[in-house]
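Undergrad: Here's a structure for you.
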Amino acid sequence: MKARKEAKTQKGEELLYVGIDEPITLRRALLESSKSLVHLLKQQQSLKQLRASKQRKVEELRGLVVEINELTAQAKHLMPQMEGLNLPAEEEERKPRTIRVIRAGAAAATQPRKTMPKISAPTIHMESHVDKLERELQEIEKKLRSL
């Protein structure tokens with residue numbers, strides 16, 4: 001550190017100035033730490049968005065489950081009551097069923113029933129805050145390059 005300089009303001013208060021050795025190196029270190037901070041903020045923001053999206057989906061699914069349960073109860077209520085009906089046990093219903101596929105000129109083969117492919121929900125991007133952080137990051141990188 002260089003020697004301290006003292007100055008007085010108009011009100012008579014003393015100000016203290018301290019010289020900095022290698023100011024460019026210090027500024028570069030500050031800009032790099034700012035850059036890493038912006039990266040961390042971007043990650044935190046995307047994590048918050050992901051959590052909020054997950055919460056919305058969970059609430060939506062809960063509502064759908066409630067609606068399905070209500071509709072199932074209504075359907076059971078509307079179905080005619082039958083006595084002596086032999087329904088298969090629940091365990092038998094849940095076993096994977098096989099489908100016979102007969103090809104021309106080939107022996108019959110059994111294949112398990114195909115299941116529906118999983119469809120991912122479309123993602124909603126709310127990038128206003130992330131865009132702002134990205135711009136700040138670009139400004140910091142520009143300052144770093146100019147040093």
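Each chain in the structure tokens gets a letter, A, B, ..., in the order shown, and its residues are numbered from 1; ligands are numbered from 1 in order too.
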Counting only C-alpha atoms, what is within 12 Å of segment 21-28 of chain A, bar same-chain residues fewer than 2 positions away, as a ChimeraX atom specification?

TA: /A:1-3,18-19,30-35,140-147

Undergrad: Let's have the selection written as a short mmCIF file (atom, residue, chain, number, x, y, z; two decimals), in the first residue's frame, with C-alpha atoms.

TA:
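Final file, again_27.cif:
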data_model
loop_
_atom_site.label_atom_id
_atom_site.label_comp_id
_atom_site.auth_asym_id
_atom_site.auth_seq_id
_atom_site.Cartn_x
_atom_site.Cartn_y
_atom_site.Cartn_z
CA MET A 1 0.00 0.00 0.00
CA LYS A 2 1.12 3.49 -0.66
CA ALA A 3 1.12 6.33 1.78
CA VAL A 18 -5.24 4.89 0.32
CA GLY A 19 -3.06 4.07 -2.65
CA LEU A 30 -12.93 -7.96 -8.88
CA LEU A 31 -14.39 -8.33 -12.38
CA GLU A 32 -13.70 -12.07 -12.42
CA SER A 33 -15.39 -12.51 -9.06
CA SER A 34 -18.33 -10.46 -10.35
CA LYS A 35 -18.46 -12.75 -13.37
CA ILE A 140 -18.11 -7.72 -17.29
CA GLU A 141 -16.41 -9.92 -19.90
CA LYS A 142 -16.08 -6.90 -22.20
CA LYS A 143 -14.39 -4.91 -19.43
CA LEU A 144 -12.06 -7.83 -18.74
CA ARG A 145 -11.01 -8.00 -22.39
CA SER A 146 -10.33 -4.26 -22.45
CA LEU A 147 -7.85 -4.52 -19.56
#

Undergrad: Counting only C-alpha atoms, what is within 12 Å of His129 of chain A, bar same-chain residues fewer than 5 positions away, as a list in words?

TA: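 Contacts, with the query itself left out: Val38, Leu41, Lys42, Gln43, Gln44, Gln45, Ser46, Lys48, Gln49, Glu134, Arg135 and Glu136 of chain A.
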
Undergrad: Quick check, in Å to one decimal: how far apart do atom CA of Lys54 of chain A and atom CA of Ile68 of chain A lie?

TA: 20.7 Å

Undergrad: If you measure from atom CA of Arg51 of chain A to atom CA of Ser128 of chain A, what distance in Å do you get, rounded to one decimal?

TA: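 Straight-line distance from atom CA of Arg51 of chain A to atom CA of Ser128 of chain A works out to 16.8 Å.
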
Undergrad: Just to confirm, what's the straight-line distance from atom CA of Arg56 of chain A to atom CA of His39 of chain A in Å (one decimal)?

TA: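 According to the coordinates, atom CA of Arg56 of chain A and atom CA of His39 of chain A are separated by 25.9 Å.
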